[in-house]
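Here the structure is laid out as structure tokens; the discussion comes afterwards.
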Amino acid sequence: MFHDIGQIILLFWRTLQSLPLVWRHRRKVFDQLFEIGNASLFMSCVLSLFIGGVLALQTGPLLVERGLGNVLGGMVGLSMCKELGPVMMAVLIAGRIGSAMAAEIGSMTVYQEIDALRTMNINPVHYLVLPRMVAICIALPTLVIFAILIGWLGGAVVAANNHLISVPYQTYFSNLENLVGVGDLANGLLKSFSFAVVIGIVSCHQGLQTIGGPRGIGRSVTKAVVNSIVMILILDYFLTRMMINL
């Protein structure tokens, strides 16, 4: 475990050192942005719409019973900004994109394409890891913004049309505006950026460490997704604690 952690930190440091070369690989960055961002947008919007709706459906009746129905908008808004939006989008991207990164790079490792790149004096970190890291660090926070907005909308639709809640749109969004500030949105974006770094670096590392044939690629994909999700949840706790204490 400590060996893997050291390898991940070393790969992250080499990626940081290669950041000045990102413009040279801009075409690969744009391709990865399309795959991570545009191709995942519809799925993330559907997921966040129902997350916001379920959140309002679960908590709305309880708040209404206690005469606190007018704070439902702020509660859904803060939950989507600070926790559900960043975490759920990170888990979605870890499963959809992290697995793809590990599979692509793992296949190249198994079939000696990485060795061929080194033979041609092409650094695999510059050519493979850097574009994916830059793309996911841009795409995931952008997806989180869409997820937060769609989640607010989903909560508003359920709150206004469920007979157990019946909170008007005006009341819902007025309370959301009063309770949710720019700092809360920045909180979610900071978390999503940190999660993007974790997903990208863990998935690329697992791909580069792949050994064996197709079974080895499968193991790398599984480890990439599981390790990413575990690290996302651990990091989420520490980031939340740090932001509360600020």
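Naming scheme: A, B, ... for chains in displayed order of the structure tokens; residues 1 onward per chain; ligands 1 onward as shown.
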Kindly provide the residues of region 113-141 of chain A that approach region 43-62 of chain A to within 12 Å, each paired with its closest atom pair and their distance in Å to one decimal, based on only C-alpha atoms, listed by chain and increasing number, as CSV.
```
residue,atom,partner,partner_atom,distance
A:Ala139,CA,A:Ser44,CA,11.8
A:Leu140,CA,A:Ser44,CA,10.3
A:Pro141,CA,A:Ser44,CA,12.0
```
Residue subset to file, keeping C-alpha atoms, as a PDB file, in the first residue's frame:
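Final output, saved to result-v4.pdb:
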```
ATOM      1  CA  ALA A 139     -14.428  19.014 -16.803  1.00  0.00           C
ATOM      2  CA  LEU A 140     -15.434  17.762 -13.347  1.00  0.00           C
ATOM      3  CA  PRO A 141     -15.912  21.211 -11.706  1.00  0.00           C
TER       4      PRO A 141
END
```
Would you kindly return, as a PyMOL selection string, each protein, DNA or RNA residue with an atom no farther than 7 Å from any atom of region 173-181 of chain A, considering only C-alpha atoms and excluding same-chain residues fewer than 3 positions away?
chain A and resi 70-71+73-74+77-78+169-170+184-185
Could you pull the residues within 9 Å of Pro124 (chain A), counting only C-alpha atoms, minus those fewer than 5 positions along the same chain, as an MDAnalysis selection string?
chainID A and resid 114:115 117:118 129:130
Which residues of region 177-221 of chain A come within 9 Å of region 103-106 of chain A, and for each one, what is the closest pair of atoms and their distance in Å to one decimal, counting only C-alpha atoms, sorted by chain and residue number, as a Markdown table?
```
| residue | atom | partner | partner_atom | distance |
| --- | --- | --- | --- | --- |
| A:Ser203 | CA | A:Ala103 | CA | 8.7 |
| A:Cys204 | CA | A:Ile105 | CA | 6.8 |
| A:His205 | CA | A:Ile105 | CA | 8.9 |
| A:Gln206 | CA | A:Gly106 | CA | 7.3 |
| A:Gly207 | CA | A:Gly106 | CA | 3.9 |
| A:Leu208 | CA | A:Gly106 | CA | 5.9 |
| A:Gln209 | CA | A:Gly106 | CA | 7.4 |
| A:Thr210 | CA | A:Gly106 | CA | 5.3 |
| A:Ile211 | CA | A:Gly106 | CA | 8.0 |
| A:Gly216 | CA | A:Gly106 | CA | 8.2 |
| A:Ile217 | CA | A:Gly106 | CA | 5.7 |
| A:Gly218 | CA | A:Ala103 | CA | 7.6 |
| A:Ser220 | CA | A:Gly106 | CA | 7.2 |
| A:Val221 | CA | A:Ala103 | CA | 5.9 |
```
Residues from last step as file, N, CA and C atoms, as a compact mmCIF listing (two decimals), in the first residue's frame:
```
# COMPACT_ATOMS: atom_id res chain seq x y z
N SER A 203 -6.29 6.62 -11.52
CA SER A 203 -6.63 5.83 -12.71
C SER A 203 -5.43 5.68 -13.63
N CYS A 204 -4.71 6.77 -13.87
CA CYS A 204 -3.52 6.69 -14.73
C CYS A 204 -2.45 5.81 -14.09
N HIS A 205 -2.28 5.93 -12.79
CA HIS A 205 -1.28 5.09 -12.11
C HIS A 205 -1.62 3.61 -12.24
N GLN A 206 -2.88 3.25 -12.04
CA GLN A 206 -3.26 1.86 -12.17
C GLN A 206 -3.05 1.36 -13.60
N GLY A 207 -3.32 2.22 -14.57
CA GLY A 207 -3.08 1.83 -15.95
C GLY A 207 -1.61 1.57 -16.23
N LEU A 208 -0.75 2.44 -15.72
CA LEU A 208 0.69 2.28 -15.96
C LEU A 208 1.28 1.09 -15.22
N GLN A 209 0.65 0.66 -14.14
CA GLN A 209 1.15 -0.47 -13.34
C GLN A 209 0.54 -1.80 -13.76
N THR A 210 -0.22 -1.82 -14.83
CA THR A 210 -0.90 -3.05 -15.25
C THR A 210 0.11 -4.10 -15.71
N ILE A 211 -0.11 -5.32 -15.26
CA ILE A 211 0.71 -6.45 -15.70
C ILE A 211 -0.22 -7.60 -16.08
N GLY A 216 -5.32 -8.92 -16.28
CA GLY A 216 -4.61 -7.84 -15.58
C GLY A 216 -5.25 -6.48 -15.84
N ILE A 217 -5.72 -6.27 -17.07
CA ILE A 217 -6.42 -5.02 -17.38
C ILE A 217 -7.70 -4.91 -16.55
N GLY A 218 -8.44 -6.01 -16.43
CA GLY A 218 -9.65 -6.01 -15.63
C GLY A 218 -9.37 -5.69 -14.18
N SER A 220 -6.85 -3.95 -13.03
CA SER A 220 -6.47 -2.54 -12.93
C SER A 220 -7.68 -1.62 -12.98
N VAL A 221 -8.63 -1.92 -13.84
CA VAL A 221 -9.85 -1.11 -13.94
C VAL A 221 -10.62 -1.17 -12.62
```
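When only C-alpha atoms are used to measure the gap to Val226 (chain A), the shortest distance among A:Met108, A:Ala94, A:Leu153, A:Leu164 belongs to A:Ala94.
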A:Ile232, A:Met243, A:Ile138, A:Leu84 ranked by distance to Leu33 (chain A), top pick (using only C-alpha atoms):
A:Ile138
Can you pull out the residues contacting region 13-30 of chain A? Cut-off 9 Å, using only C-alpha atoms, and skip same-chain residues under 4 positions away; I want them as a VMD selection string.
chain A and resid 8 to 9 34 to 35 125 to 135 201
Produce a file of the selected residues containing N, CA and C atoms, as a short mmCIF file (atom, residue, chain, number, x, y, z; two decimals), in the first residue's frame.
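Result file follows (result.cif):
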```cif
data_model
loop_
_atom_site.label_atom_id
_atom_site.label_comp_id
_atom_site.auth_asym_id
_atom_site.auth_seq_id
_atom_site.Cartn_x
_atom_site.Cartn_y
_atom_site.Cartn_z
N ILE A 8 2.03 6.90 -6.62
CA ILE A 8 1.02 7.89 -7.00
C ILE A 8 1.53 9.30 -6.78
N ILE A 9 2.17 9.54 -5.64
CA ILE A 9 2.71 10.88 -5.35
C ILE A 9 3.78 11.25 -6.36
N PHE A 34 -13.87 16.55 -24.37
CA PHE A 34 -15.12 16.12 -25.00
C PHE A 34 -15.61 14.81 -24.40
N GLU A 35 -14.70 13.87 -24.20
CA GLU A 35 -15.07 12.56 -23.67
C GLU A 35 -15.54 12.66 -22.23
N VAL A 125 4.27 10.17 -19.44
CA VAL A 125 3.58 11.12 -18.55
C VAL A 125 3.12 12.33 -19.33
N HIS A 126 3.99 12.86 -20.20
CA HIS A 126 3.62 14.02 -21.02
C HIS A 126 2.54 13.67 -22.04
N TYR A 127 2.66 12.50 -22.62
CA TYR A 127 1.81 12.13 -23.76
C TYR A 127 0.44 11.58 -23.32
N LEU A 128 0.41 10.86 -22.20
CA LEU A 128 -0.81 10.17 -21.79
C LEU A 128 -1.44 10.75 -20.52
N VAL A 129 -0.63 11.00 -19.51
CA VAL A 129 -1.17 11.39 -18.21
C VAL A 129 -1.55 12.86 -18.19
N LEU A 130 -0.69 13.73 -18.68
CA LEU A 130 -0.94 15.17 -18.60
C LEU A 130 -2.25 15.59 -19.26
N PRO A 131 -2.53 15.19 -20.51
CA PRO A 131 -3.82 15.62 -21.11
C PRO A 131 -5.03 15.15 -20.33
N ARG A 132 -4.98 13.94 -19.80
CA ARG A 132 -6.11 13.42 -19.05
C ARG A 132 -6.29 14.15 -17.73
N MET A 133 -5.19 14.47 -17.07
CA MET A 133 -5.28 15.18 -15.80
C MET A 133 -5.83 16.59 -15.98
N VAL A 134 -5.33 17.31 -16.98
CA VAL A 134 -5.80 18.66 -17.22
C VAL A 134 -7.28 18.65 -17.60
N ALA A 135 -7.67 17.71 -18.46
CA ALA A 135 -9.05 17.65 -18.92
C ALA A 135 -10.01 17.34 -17.78
N ILE A 201 -5.22 10.85 -11.23
CA ILE A 201 -3.89 10.32 -10.91
C ILE A 201 -3.97 8.85 -10.52
#
```
Kindly give the distance, in Å, that separates CA of Gln112 (chain A) and CA of Leu11 (chain A), rounded to a single decimal.
19.3 Å
Pick from A:Ile122, A:Ala147, A:Ala90, A:Val167 nearest to Gly200 (chain A), counting only C-alpha atoms:
A:Ala90
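The closest residue to Ile244 (chain A), picked from A:Asn227, A:Val157, A:Gly95, A:Lys82 and counting only C-alpha atoms, is A:Lys82.
Comparing the minimum interatomic distances between Phe193 (chain A) and each of A:Leu68, A:Met75, A:Leu41, A:Ile136, counting only C-alpha atoms, we find that A:Ile136 sits nearest.
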Write down as a ChimeraX atom specification the residues belonging to region 130-215 of chain A that are assigned helix (DSSP H, G or I) by DSSP computed on the backbone.
/A:130-161,169-179,182-208,214-215
Restricting the calculation to only C-alpha atoms, which member of A:Val87, A:Val64, A:Ile36, A:Ile229 is positioned closest to Ile148 (chain A)?
A:Val87
